>>> print(open('entry-v1.tsv').read())   # TSV, C-alpha atoms
chain	number	residue	atom	x	y	z
A	1216	MET	CA	-144.55	-48.72	132.77
A	1217	GLN	CA	-140.78	-48.72	133.26
A	1218	ALA	CA	-138.15	-48.23	130.58
A	1219	ASP	CA	-134.58	-47.09	130.14
A	1220	ILE	CA	-135.54	-44.65	127.38
A	1221	THR	CA	-138.84	-43.09	126.35
A	1222	ILE	CA	-139.02	-41.88	122.75
A	1223	ILE	CA	-141.71	-39.31	121.95
A	1224	GLY	CA	-142.67	-39.37	118.27
A	1225	GLY	CA	-143.23	-42.31	115.93
A	1226	GLY	CA	-142.12	-40.82	112.63
A	1227	MET	CA	-139.01	-41.97	110.81
A	1228	ALA	CA	-136.66	-40.31	113.31
A	1229	GLY	CA	-138.28	-41.91	116.33
A	1230	ALA	CA	-138.60	-45.29	114.63
A	1231	ALA	CA	-134.92	-45.31	113.60
A	1232	ALA	CA	-133.88	-44.26	117.08
A	1233	ALA	CA	-136.01	-47.03	118.60
A	1234	TYR	CA	-134.36	-49.59	116.33
A	1235	PHE	CA	-130.80	-48.61	117.19
A	1236	LEU	CA	-131.36	-47.77	120.88
A	1237	SER	CA	-133.28	-50.99	121.60
A	1238	ARG	CA	-130.20	-53.03	120.78
A	1239	GLY	CA	-128.86	-52.13	124.21
A	1240	ALA	CA	-131.70	-50.56	126.21
A	1241	ALA	CA	-135.34	-51.05	127.17
A	1242	VAL	CA	-137.25	-48.62	124.95
A	1243	VAL	CA	-140.84	-47.38	124.85
A	1244	LEU	CA	-141.88	-45.35	121.81
A	1245	LEU	CA	-144.91	-43.10	122.16
A	1246	GLU	CA	-146.90	-41.98	119.11
A	1247	ARG	CA	-149.93	-39.76	119.59
A	1248	GLU	CA	-151.59	-40.77	116.30
A	1249	GLU	CA	-153.25	-44.11	115.58
A	1250	ALA	CA	-150.31	-45.20	113.41
A	1251	ALA	CA	-146.66	-44.27	113.03
A	1252	GLY	CA	-145.43	-41.99	110.27
A	1253	LEU	CA	-148.69	-40.19	109.48
A	1254	HIS	CA	-147.25	-36.69	109.11
A	1255	SER	CA	-143.95	-35.72	107.44
A	1256	SER	CA	-142.61	-39.27	107.18
A	1257	GLY	CA	-145.60	-40.39	105.13
A	1258	ARG	CA	-145.49	-37.41	102.76
A	1259	SER	CA	-141.87	-37.30	101.61
A	1260	SER	CA	-140.44	-37.04	98.11
A	1261	GLU	CA	-138.93	-40.53	98.59
A	1262	GLN	CA	-135.51	-39.42	97.32
A	1263	PHE	CA	-132.00	-40.22	98.50
A	1264	THR	CA	-129.49	-37.53	97.57
A	1265	VAL	CA	-126.42	-35.97	99.13
A	1266	GLY	CA	-126.76	-32.75	97.14
A	1267	ILE	CA	-127.81	-30.91	100.30
A	1268	SER	CA	-126.61	-27.40	101.07
A	1269	ALA	CA	-126.45	-27.80	104.88
A	1270	ASP	CA	-123.00	-29.23	105.69
A	1271	THR	CA	-123.85	-31.52	108.59
A	1272	MET	CA	-126.99	-32.81	106.86
A	1273	ARG	CA	-125.00	-33.63	103.74
A	1274	ARG	CA	-122.44	-35.64	105.72
A	1275	LEU	CA	-125.23	-37.50	107.51
A	1276	ALA	CA	-126.76	-38.40	104.16
A	1277	GLN	CA	-123.49	-39.85	102.89
A	1278	ALA	CA	-123.01	-41.68	106.21
A	1279	SER	CA	-126.48	-43.22	105.75
A	1280	ARG	CA	-125.79	-44.63	102.30
A	1281	PRO	CA	-124.08	-47.91	103.40
A	1282	PHE	CA	-126.99	-48.88	105.65
A	1283	LEU	CA	-129.62	-48.10	103.03
A	1284	GLU	CA	-127.71	-49.92	100.30
A	1285	ASN	CA	-126.87	-52.97	102.42
A	1286	PRO	CA	-129.07	-53.18	105.52
A	1287	PRO	CA	-128.55	-56.01	108.02
A	1288	GLY	CA	-129.78	-59.43	106.96
A	1289	GLY	CA	-133.49	-59.80	107.49
A	1290	PHE	CA	-133.99	-56.08	108.16
A	1291	ALA	CA	-136.40	-55.49	105.27
A	1292	PRO	CA	-138.29	-57.81	102.89
A	1293	LEU	CA	-137.56	-55.56	99.89
A	1294	PRO	CA	-134.62	-53.42	98.72
A	1295	LEU	CA	-134.73	-49.99	100.31
A	1296	LEU	CA	-133.23	-48.15	97.32
A	1297	ALA	CA	-133.80	-48.18	93.57
A	1298	SER	CA	-131.66	-46.43	90.96
A	1299	ARG	CA	-132.92	-43.05	89.84
A	1300	GLY	CA	-130.28	-40.33	89.49
A	1301	CYS	CA	-130.72	-36.63	90.16
A	1302	LEU	CA	-130.21	-33.96	87.50
A	1303	THR	CA	-129.91	-30.28	88.34
A	1304	VAL	CA	-129.88	-27.84	85.42
A	1305	GLY	CA	-129.01	-24.17	85.07
A	1306	ARG	CA	-128.32	-21.35	82.66
A	1307	ALA	CA	-124.89	-20.01	81.76
A	1308	ASP	CA	-125.24	-17.27	84.37
A	1309	GLN	CA	-125.91	-19.93	87.06
A	1310	GLN	CA	-122.69	-21.88	86.56
A	1311	ALA	CA	-121.33	-20.81	89.95
A	1312	SER	CA	-124.34	-22.43	91.64
A	1313	LEU	CA	-123.83	-25.64	89.66
A	1314	GLN	CA	-120.15	-25.63	90.61
A	1315	ARG	CA	-121.07	-25.31	94.29
A	1316	LEU	CA	-123.45	-28.25	93.96
A	1317	TYR	CA	-120.73	-30.31	92.29
A	1318	GLY	CA	-118.34	-29.41	95.10
A	1319	ARG	CA	-120.86	-30.38	97.77
A	1320	LEU	CA	-121.38	-33.79	96.20
A	1321	THR	CA	-117.75	-34.66	95.56
A	1322	GLY	CA	-116.68	-33.15	98.88
A	1323	VAL	CA	-118.33	-36.02	100.78
A	1324	GLY	CA	-117.25	-38.68	98.31
A	1325	ALA	CA	-120.41	-38.88	96.21
A	1326	GLU	CA	-120.22	-39.38	92.46
A	1327	ALA	CA	-121.09	-36.35	90.33
A	1328	ARG	CA	-120.39	-35.11	86.83
A	1329	TYR	CA	-121.20	-32.17	84.63
A	1330	VAL	CA	-123.49	-32.74	81.65
A	1331	ASP	CA	-124.03	-30.51	78.64
A	1332	ARG	CA	-127.39	-29.56	77.20
A	1333	ASN	CA	-127.53	-32.51	74.80
A	1334	GLU	CA	-126.88	-35.12	77.48
A	1335	ALA	CA	-129.35	-33.48	79.85
A	1336	LEU	CA	-132.01	-33.68	77.14
A	1337	GLN	CA	-131.22	-37.34	76.61
A	1338	LEU	CA	-131.69	-37.95	80.33
A	1339	PHE	CA	-134.85	-35.83	80.66
A	1340	PRO	CA	-136.29	-35.14	77.20
A	1341	ALA	CA	-139.11	-32.92	78.49
A	1342	LEU	CA	-136.72	-30.07	79.36
A	1343	ARG	CA	-136.94	-26.96	77.17
A	1344	ALA	CA	-133.51	-26.60	75.57
A	1345	GLU	CA	-133.65	-22.80	75.55
A	1346	LYS	CA	-134.18	-22.64	79.31
A	1347	PHE	CA	-130.84	-24.09	80.42
A	1348	ASP	CA	-127.28	-24.61	79.24
A	1349	SER	CA	-125.83	-27.43	81.36
A	1350	GLY	CA	-126.32	-29.43	84.51
A	1351	VAL	CA	-124.88	-31.61	87.25
A	1352	LEU	CA	-125.84	-35.26	87.45
A	1353	GLU	CA	-125.71	-37.23	90.69
A	1354	PRO	CA	-125.87	-40.84	89.41
A	1355	GLY	CA	-125.99	-42.26	92.93
A	1356	ALA	CA	-129.24	-40.53	93.85
A	1357	MET	CA	-131.92	-43.12	94.53
A	1358	ASP	CA	-135.60	-43.67	95.20
A	1359	ILE	CA	-136.29	-44.72	98.79
A	1360	ASP	CA	-139.06	-47.15	99.70
A	1361	VAL	CA	-140.17	-45.05	102.65
A	1362	ASN	CA	-142.88	-47.34	104.02
A	1363	THR	CA	-140.65	-50.41	103.83
A	1364	LEU	CA	-137.92	-48.52	105.71
A	1365	LEU	CA	-140.29	-47.23	108.39
A	1366	GLN	CA	-141.89	-50.61	108.99
A	1367	ALA	CA	-138.47	-52.30	109.07
A	1368	TYR	CA	-137.31	-49.96	111.83
A	1369	LEU	CA	-140.48	-50.58	113.84
A	1370	ARG	CA	-140.38	-54.34	113.30
A	1371	GLY	CA	-136.70	-54.46	114.23
A	1372	ALA	CA	-137.29	-52.39	117.36
A	1373	ARG	CA	-140.09	-54.72	118.46
A	1374	ALA	CA	-137.84	-57.72	117.82
A	1375	ASN	CA	-135.29	-56.10	120.13
A	1376	GLY	CA	-137.94	-55.81	122.85
A	1377	ALA	CA	-139.08	-52.21	122.32
A	1378	LYS	CA	-142.72	-51.35	123.01
A	1379	ILE	CA	-144.44	-49.20	120.34
A	1380	LEU	CA	-147.55	-47.46	121.71
A	1381	THR	CA	-149.98	-45.55	119.46
A	1382	ASN	CA	-152.75	-43.18	120.54
A	1383	ALA	CA	-150.26	-42.34	123.29
A	1384	GLY	CA	-149.42	-38.67	123.08
A	1385	ALA	CA	-147.52	-37.00	125.92
A	1386	ASN	CA	-149.95	-35.04	128.11
A	1387	ALA	CA	-147.44	-34.20	130.85
A	1388	ILE	CA	-143.69	-34.60	131.39
A	1389	GLU	CA	-141.96	-34.12	134.72
A	1390	ARG	CA	-138.60	-34.85	136.29
A	1391	LYS	CA	-138.81	-36.54	139.67
A	1392	SER	CA	-136.22	-38.38	141.77
A	1393	GLY	CA	-133.81	-38.59	138.83
A	1394	LYS	CA	-136.42	-40.05	136.50
A	1395	TRP	CA	-138.56	-38.67	133.67
A	1396	ILE	CA	-142.27	-39.39	133.99
A	1397	VAL	CA	-144.31	-39.07	130.79
A	1398	THR	CA	-148.07	-39.17	131.27
A	1399	THR	CA	-150.11	-40.45	128.31
A	1400	PRO	CA	-153.74	-41.52	127.71
A	1401	VAL	CA	-152.60	-45.13	128.16
A	1402	GLY	CA	-150.68	-44.57	131.40
A	1403	GLU	CA	-147.35	-43.31	132.70
A	1404	VAL	CA	-143.93	-44.22	131.38
A	1405	VAL	CA	-141.02	-43.81	133.79
A	1406	SER	CA	-137.50	-43.80	132.41
A	1407	SER	CA	-134.01	-42.46	133.00
A	1408	MET	CA	-133.91	-40.71	129.63
A	1409	VAL	CA	-136.34	-39.14	127.17
A	1410	LEU	CA	-135.74	-38.63	123.46
A	1411	ASN	CA	-137.82	-35.86	121.92
A	1412	ALA	CA	-138.34	-36.89	118.28
A	1413	ALA	CA	-141.75	-35.25	117.87
A	1414	GLY	CA	-141.12	-33.58	114.51
A	1415	ALA	CA	-142.96	-30.28	114.14
A	1416	TRP	CA	-144.08	-30.57	117.77
A	1417	VAL	CA	-140.55	-30.80	119.21
A	1418	ASP	CA	-140.67	-27.38	120.87
A	1419	ASP	CA	-144.14	-28.08	122.30
A	1420	ILE	CA	-142.81	-31.27	123.91
A	1421	THR	CA	-139.73	-29.39	125.13
A	1422	ARG	CA	-141.90	-26.77	126.87
A	1423	LEU	CA	-144.06	-29.53	128.33
A	1424	ALA	CA	-140.92	-30.84	130.00
A	1425	GLY	CA	-140.23	-27.37	131.46
A	1426	LEU	CA	-137.23	-26.70	129.22
A	1427	ALA	CA	-136.33	-23.90	126.83
A	1428	PRO	CA	-137.22	-24.66	123.19
A	1429	ILE	CA	-134.56	-25.16	120.54
A	1430	GLY	CA	-136.20	-22.74	118.10
A	1431	LEU	CA	-137.65	-25.13	115.56
A	1432	THR	CA	-139.92	-23.77	112.80
A	1433	PRO	CA	-142.11	-26.05	110.67
A	1434	HIS	CA	-142.38	-25.19	106.96
A	1435	ARG	CA	-145.11	-26.42	104.62
A	1436	ARG	CA	-144.23	-27.89	101.22
A	1437	THR	CA	-146.94	-28.64	98.66
A	1438	ALA	CA	-146.63	-31.35	96.01
A	1439	PHE	CA	-148.86	-32.92	93.37
A	1440	THR	CA	-148.86	-35.75	90.84
A	1441	PHE	CA	-149.64	-35.62	87.14
A	1442	LEU	CA	-149.49	-37.92	84.12
A	1443	PRO	CA	-147.03	-37.31	81.30
A	1444	THR	CA	-148.89	-37.43	77.99
A	1445	GLY	CA	-147.84	-40.09	75.53
A	1446	ILE	CA	-144.42	-40.83	77.04
A	1447	ASP	CA	-142.89	-43.28	79.49
A	1448	ALA	CA	-140.95	-41.19	81.99
A	1449	SER	CA	-140.59	-43.93	84.60
A	1450	ARG	CA	-136.82	-44.26	84.10
A	1451	TRP	CA	-136.02	-40.55	83.92
A	1452	PRO	CA	-134.05	-38.96	86.79
A	1453	HIS	CA	-135.35	-36.61	89.42
A	1454	VAL	CA	-134.81	-33.13	87.96
A	1455	SER	CA	-134.83	-29.56	89.27
A	1456	ASN	CA	-133.43	-26.21	88.27
A	1457	VAL	CA	-130.49	-24.94	90.27
A	1458	ASP	CA	-132.38	-22.05	91.85
A	1459	TYR	CA	-134.92	-24.63	92.99
A	1460	ARG	CA	-138.09	-23.02	91.64
A	1461	TRP	CA	-139.52	-26.46	90.89
A	1462	TYR	CA	-138.73	-30.15	90.81
A	1463	VAL	CA	-140.19	-33.15	88.99
A	1464	SER	CA	-139.64	-36.78	89.98
A	1465	PRO	CA	-141.02	-39.99	88.43
A	1466	ARG	CA	-143.18	-42.11	90.68
A	1467	GLY	CA	-144.55	-45.20	88.97
A	1468	ASP	CA	-146.53	-44.20	85.89
A	1469	SER	CA	-146.97	-40.62	87.11
A	1470	LEU	CA	-144.70	-37.70	88.00
A	1471	VAL	CA	-144.46	-35.75	91.24
A	1472	GLY	CA	-144.13	-32.00	90.85
A	1473	SER	CA	-143.57	-29.24	93.36
A	1474	LEU	CA	-142.82	-25.55	93.67
A	1475	ALA	CA	-140.17	-26.66	96.18
A	1476	ASP	CA	-141.72	-24.14	98.56
A	1477	ALA	CA	-140.98	-23.76	102.26
A	1478	VAL	CA	-143.71	-21.71	103.95
A	1479	PRO	CA	-143.41	-21.18	107.74
A	1480	VAL	CA	-146.51	-22.54	109.52
A	1481	PRO	CA	-147.51	-23.59	113.04
A	1482	PRO	CA	-147.20	-27.32	113.80
A	1483	GLY	CA	-150.26	-29.23	112.69
A	1484	ASP	CA	-151.80	-31.34	109.98
A	1485	VAL	CA	-151.14	-29.31	106.82
A	1486	TYR	CA	-152.99	-29.26	103.53
A	1487	PRO	CA	-151.92	-28.35	99.99
A	1488	ASP	CA	-152.20	-24.69	99.06
A	1489	ASP	CA	-153.96	-24.25	95.71
A	1490	MET	CA	-151.91	-21.16	94.87
A	1491	ASP	CA	-148.68	-23.09	95.48
A	1492	VAL	CA	-149.93	-25.93	93.28
A	1493	ALA	CA	-150.80	-23.44	90.51
A	1494	GLN	CA	-147.43	-21.70	90.79
A	1495	GLY	CA	-145.61	-25.02	90.74
A	1496	ILE	CA	-147.46	-26.03	87.59
A	1497	GLU	CA	-146.66	-22.70	85.95
A	1498	ASN	CA	-142.96	-22.95	86.80
A	1499	ILE	CA	-142.73	-26.52	85.51
A	1500	GLU	CA	-144.55	-25.65	82.28
A	1501	GLN	CA	-142.22	-22.70	81.69
A	1502	ASP	CA	-139.11	-24.88	81.80
A	1503	THR	CA	-140.44	-28.16	80.37
A	1504	THR	CA	-142.77	-29.33	77.62
A	1505	PHE	CA	-145.26	-30.78	80.12
A	1506	LYS	CA	-148.86	-29.57	79.99
A	1507	ILE	CA	-150.54	-30.15	83.32
A	1508	ASP	CA	-154.29	-29.67	82.94
A	1509	ARG	CA	-155.25	-31.10	86.30
A	1510	PRO	CA	-153.18	-32.80	89.02
A	1511	LEU	CA	-154.08	-36.39	89.83
A	1512	SER	CA	-153.52	-35.72	93.52
A	1513	LYS	CA	-152.02	-33.09	95.78
A	1514	TRP	CA	-150.78	-33.00	99.35
A	1515	ALA	CA	-148.57	-31.09	101.75
A	1516	GLY	CA	-146.02	-32.06	104.36
A	1517	LEU	CA	-143.86	-30.36	106.96
A	1518	ARG	CA	-140.12	-29.70	106.81
A	1519	ASN	CA	-138.75	-28.61	110.18
A	1520	PHE	CA	-135.73	-26.32	110.51
A	1521	VAL	CA	-133.67	-24.71	113.24
A	1522	ALA	CA	-131.64	-21.55	112.66
A	1523	ASP	CA	-128.66	-23.06	110.83
A	1524	LYS	CA	-130.70	-25.62	108.81
A	1525	ASN	CA	-128.74	-28.54	110.30
A	1526	PRO	CA	-130.26	-31.24	112.52
A	1527	VAL	CA	-130.23	-31.32	116.30
A	1528	CYS	CA	-129.11	-34.51	118.03
A	1529	GLY	CA	-128.00	-34.49	121.65
A	1530	THR	CA	-128.68	-32.94	125.05
A	1531	ARG	CA	-127.99	-29.76	127.00
A	1532	VAL	CA	-126.28	-29.34	130.36
A	1533	GLU	CA	-129.45	-28.12	132.05
A	1534	ALA	CA	-131.57	-30.96	130.59
A	1535	GLU	CA	-130.19	-34.05	132.32
A	1536	GLY	CA	-131.45	-37.17	130.62
A	1537	PHE	CA	-133.47	-35.23	128.01
A	1538	PHE	CA	-132.30	-35.50	124.40
A	1539	TRP	CA	-133.43	-34.00	121.11
A	1540	LEU	CA	-133.58	-35.52	117.62
A	1541	ALA	CA	-135.04	-32.82	115.42
A	1542	GLY	CA	-134.69	-30.29	112.62
A	1543	GLN	CA	-134.05	-32.69	109.74
A	1544	GLY	CA	-135.45	-30.15	107.26
A	1545	GLY	CA	-137.01	-32.58	104.81
A	1546	CYS	CA	-134.02	-34.94	104.96
A	1547	GLY	CA	-135.22	-37.09	107.85
A	1548	ILE	CA	-135.85	-40.18	105.72
A	1549	LEU	CA	-132.51	-40.25	103.97
A	1550	THR	CA	-130.48	-39.39	107.10
A	1551	SER	CA	-132.39	-41.70	109.44
A	1552	PRO	CA	-129.75	-44.46	109.62
A	1553	ALA	CA	-126.91	-42.11	110.53
A	1554	LEU	CA	-128.98	-40.04	112.94
A	1555	GLY	CA	-130.38	-43.17	114.57
A	1556	GLN	CA	-126.86	-44.48	115.06
A	1557	ALA	CA	-125.67	-41.08	116.27
A	1558	VAL	CA	-128.38	-40.66	118.89
A	1559	ALA	CA	-127.85	-44.24	120.12
A	1560	ALA	CA	-124.16	-43.49	120.60
A	1561	LEU	CA	-124.71	-40.14	122.33
A	1562	MET	CA	-127.41	-41.45	124.67
A	1563	SER	CA	-125.06	-44.30	125.62
A	1564	GLY	CA	-122.21	-41.89	126.36
A	1565	ARG	CA	-120.14	-43.05	123.37
A	1566	GLU	CA	-118.46	-41.26	120.50
A	1567	LEU	CA	-120.16	-40.99	117.17
A	1568	PRO	CA	-119.53	-44.04	114.96
A	1569	GLU	CA	-116.12	-44.03	113.30
A	1570	GLU	CA	-117.53	-43.79	109.78
A	1571	GLN	CA	-119.35	-40.61	110.77
A	1572	ARG	CA	-116.26	-39.08	112.34
A	1573	THR	CA	-114.32	-39.92	109.18
A	1574	LEU	CA	-116.77	-37.73	107.26
A	1575	GLY	CA	-116.13	-34.86	109.68
A	1576	LEU	CA	-119.26	-35.25	111.80
A	1577	THR	CA	-118.97	-34.21	115.43
A	1578	ALA	CA	-121.20	-34.23	118.48
A	1579	GLU	CA	-120.65	-30.48	118.75
A	1580	ALA	CA	-122.05	-29.88	115.26
A	1581	LEU	CA	-125.22	-31.79	116.21
A	1582	SER	CA	-125.60	-30.37	119.72
A	1583	PRO	CA	-128.69	-28.35	120.74
A	1584	SER	CA	-126.21	-26.11	122.61
A	1585	ARG	CA	-124.19	-25.14	119.53
A	1586	LYS	CA	-123.67	-21.42	119.12
A	1587	GLU	CA	-125.50	-21.33	115.76
A	1588	LEU	CA	-128.79	-21.98	117.61
A	1589	GLN	CA	-128.31	-19.37	120.30
A	1590	SER	CA	-130.26	-16.11	120.02
>>> encode(input="entry-v1.tsv", output="structure tokens")
Amino acid sequence: MQADITIIGGGMAGAAAAYFLSRGAAVVLLEREEAAGLHSSGRSSEQFTVGISADTMRRLAQASRPFLENPPGGFAPLPLLASRGCLTVGRADQQASLQRLYGRLTGVGAEARYVDRNEALQLFPALRAEKFDSGVLEPGAMDIDVNTLLQAYLRGARANGAKILTNAGANAIERKSGKWIVTTPVGEVVSSMVLNAAGAWVDDITRLAGLAPIGLTPHRRTAFTFLPTGIDASRWPHVSNVDYRWYVSPRGDSLVGSLADAVPVPPGDVYPDDMDVAQGIENIEQDTTFKIDRPLSKWAGLRNFVADKNPVCGTRVEAEGFFWLAGQGGCGILTSPALGQAVAALMSGRELPEEQRTLGLTAEALSPSRKELQS
């Protein structure tokens, strides 16, 4: 099979890239599982926020907002975002951390405001008043309909002529006569360029291509759901404490809770750790009035980081025609529009989109050759 670009990985990153790249190129997307988005993309917290500590990631989130709020006509059958808000609370001795969060939000043009204890309790009545003094509210934080977004990218890519192949993991990758040849269980794909968007397996795919890895480390995060007793919390904001020992977020009639852990693990299909679930419950019960006798469900997903916690999008001098889209660190859903647009521009030899450059994003800051990733 011939293509201009072969994308390896059918999670949100690969799907977004396929959508934007297929507007001007013949694209084949390879997914080793039986369906796209089975790993990290299908296990996210479904939150849009720009309160992210990593500078480049935060700018990419803000650059993604216009697309998510107003996608192209016919892109998705349902709205991608729903109002939620994000509240971060802290004690008097944590005011400096709250101020930094406020500065991160307003620094990229997002709305934010300080709230006192009384207003925070009005927003999230289950907080224990004695455990915090004030907070920062991000009114523009949203819920993301992750499955609708993923399927819209895939449907749009197919409409542009892209081929989406499942059960098609890369078994071998070689460079020959100026082309990349990717061997899969369903045959070979020959293309001028390859985009490695394989999530936790990015470094494995990189080695398979005979190239030096970028130094990506997967981290497990465990989450669970529980029912609030006798209250309707469906309209409450996402809430966490500023040192991020826990978070709680409404999801339908239930609530999602987490220790907000990040445990380094090898790439693979991860499962919830019972000790992390128990610690998350304990932390939540210490700071709220919730009593969580037994979770309704529990799961784990992977968050993938490189050394500086910012994403990788681009190529290296020694890797002609081989590009990376990786290291989204749990923010791959909410940054997928901007990163999809960025990788489409870079693989076409163009500048980043103007709206991204206006926010201070640069190809150098995304590059897999940036000095922050070098050992």
>>> residues_around(input="entry-v1.tsv", residues="segment 1232-1243 of chain A", least_positions_apart="2", cutoff="6 Å", atoms="only C-alpha atoms", output="PyMOL selection string")
chain A and resi 1218-1221+1229-1230+1368+1371-1372+1375+1377-1378+1555+1559
>>> residues_around(input="entry-v1.tsv", residues="Phe1282 of chain A", least_positions_apart="4", cutoff="10 Å", atoms="only C-alpha atoms", output="NGL selection string")
:A and (1278 or 1286-1287 or 1295 or 1551-1553)
>>> residues_around(input="entry-v1.tsv", residues="Arg1390 of chain A", least_positions_apart="5", cutoff="8 Å", atoms="only C-alpha atoms", output="list in words")
Trp1395, Ile1396 and Ala1424 of chain A
>>> atom_distance(input="entry-v1.tsv", atom1="atom CA of Asn1411 of chain A", atom2="atom CA of Ile1222 of chain A")
6.2 Å
>>> atom_distance(input="entry-v1.tsv", atom1="atom CA of Ile1388 of chain A", atom2="atom CA of Ile1420 of chain A")
8.2 Å
>>> residues_around(input="entry-v1.tsv", residues="segment 1313-1327 of chain A", least_positions_apart="6", cutoff="8 Å", atoms="only C-alpha atoms", output="MDAnalysis selection string")
chainID A and resid 1265:1268 1273:1274 1277 1303:1305 1350:1355 1457 1574
>>> write_last_selection(input="entry-v1.tsv", atoms="C-alpha atoms", output="PDB file, in the coordinates of the input")
ATOM      1  CA  VAL A1265    -126.420 -35.970  99.130  1.00  0.00           C
ATOM      2  CA  GLY A1266    -126.760 -32.750  97.140  1.00  0.00           C
ATOM      3  CA  ILE A1267    -127.810 -30.910 100.300  1.00  0.00           C
ATOM      4  CA  SER A1268    -126.610 -27.400 101.070  1.00  0.00           C
ATOM      5  CA  ARG A1273    -125.000 -33.630 103.740  1.00  0.00           C
ATOM      6  CA  ARG A1274    -122.440 -35.640 105.720  1.00  0.00           C
ATOM      7  CA  GLN A1277    -123.490 -39.850 102.890  1.00  0.00           C
ATOM      8  CA  THR A1303    -129.910 -30.280  88.340  1.00  0.00           C
ATOM      9  CA  VAL A1304    -129.880 -27.840  85.420  1.00  0.00           C
ATOM     10  CA  GLY A1305    -129.010 -24.170  85.070  1.00  0.00           C
ATOM     11  CA  GLY A1350    -126.320 -29.430  84.510  1.00  0.00           C
ATOM     12  CA  VAL A1351    -124.880 -31.610  87.250  1.00  0.00           C
ATOM     13  CA  LEU A1352    -125.840 -35.260  87.450  1.00  0.00           C
ATOM     14  CA  GLU A1353    -125.710 -37.230  90.690  1.00  0.00           C
ATOM     15  CA  PRO A1354    -125.870 -40.840  89.410  1.00  0.00           C
ATOM     16  CA  GLY A1355    -125.990 -42.260  92.930  1.00  0.00           C
ATOM     17  CA  VAL A1457    -130.490 -24.940  90.270  1.00  0.00           C
ATOM     18  CA  LEU A1574    -116.770 -37.730 107.260  1.00  0.00           C
TER      19      LEU A1574
END
>>> residues_near_point(input="entry-v1.tsv", point="(-141.3, -39.6, 122.8)", cutoff="12 Å", atoms="all atoms listed in the file", output="ChimeraX atom specification")
/A:1220-1226,1228-1230,1232-1233,1242-1247,1378-1381,1383-1388,1395-1399,1404-1406,1408-1414,1416-1417,1419-1421,1423-1424,1537-1541
>>> closest_residue(input="entry-v1.tsv", among="A:Val1532, A:Ile1429, A:Leu1470, A:Val1485", to="Ser1449 of chain A", atoms="only C-alpha atoms")
A:Leu1470
>>> closest_residue(input="entry-v1.tsv", among="A:Pro1487, A:Pro1292, A:Gly1529, A:Pro1428", to="Asp1360 of chain A", atoms="all atoms listed in the file")
A:Pro1292
>>> atom_distance(input="entry-v1.tsv", atom1="atom CA of Ala1438 of chain A", atom2="atom CA of Gln1543 of chain A")
18.7 Å
>>> closest_residue(input="entry-v1.tsv", among="A:Arg1585, A:His1453, A:His1434, A:Arg1518", to="Gln1262 of chain A", atoms="only C-alpha atoms")
A:His1453
>>> closest_residue(input="entry-v1.tsv", among="A:Leu1474, A:Ala1307, A:Ala1335, A:Ile1359", to="Glu1497 of chain A", atoms="all atoms listed in the file")
A:Leu1474
>>> closest_residue(input="entry-v1.tsv", among="A:Asp1468, A:Thr1577, A:Tyr1462, A:Leu1549", to="Glu1284 of chain A", atoms="all atoms listed in the file")
A:Leu1549
>>> residues_around(input="entry-v1.tsv", residues="Phe1439 of chain A", least_positions_apart="6", cutoff="10 Å", atoms="all atoms listed in the file", output="PyMOL selection string")
chain A and resi 1463+1470-1474+1487+1492+1495-1496+1509-1515
>>> build_atoms(input="entry-v1.tsv", residues="segment 1544-1553 of chain A", atoms="N, CA and C atoms", output="short mmCIF file (atom, residue, chain, number, x, y, z; two decimals), in the frame of the given file")
data_model
loop_
_atom_site.label_atom_id
_atom_site.label_comp_id
_atom_site.auth_asym_id
_atom_site.auth_seq_id
_atom_site.Cartn_x
_atom_site.Cartn_y
_atom_site.Cartn_z
N GLY A 1544 -135.25 -31.01 108.41
CA GLY A 1544 -135.45 -30.15 107.26
C GLY A 1544 -135.78 -30.86 105.97
N GLY A 1545 -136.65 -31.86 106.02
CA GLY A 1545 -137.01 -32.58 104.81
C GLY A 1545 -136.06 -33.70 104.44
N CYS A 1546 -135.01 -33.88 105.24
CA CYS A 1546 -134.02 -34.94 104.96
C CYS A 1546 -134.06 -36.05 106.01
N GLY A 1547 -135.15 -36.12 106.75
CA GLY A 1547 -135.22 -37.09 107.85
C GLY A 1547 -135.25 -38.53 107.39
N ILE A 1548 -135.82 -38.80 106.21
CA ILE A 1548 -135.85 -40.18 105.72
C ILE A 1548 -134.45 -40.62 105.35
N LEU A 1549 -133.79 -39.83 104.53
CA LEU A 1549 -132.51 -40.25 103.97
C LEU A 1549 -131.36 -40.19 104.97
N THR A 1550 -131.52 -39.43 106.06
CA THR A 1550 -130.48 -39.39 107.10
C THR A 1550 -130.83 -40.25 108.30
N SER A 1551 -131.94 -40.98 108.24
CA SER A 1551 -132.39 -41.70 109.44
C SER A 1551 -131.41 -42.76 109.93
N PRO A 1552 -130.71 -43.49 109.06
CA PRO A 1552 -129.75 -44.46 109.62
C PRO A 1552 -128.64 -43.79 110.41
N ALA A 1553 -128.03 -42.76 109.84
CA ALA A 1553 -126.91 -42.11 110.53
C ALA A 1553 -127.36 -41.41 111.80
#
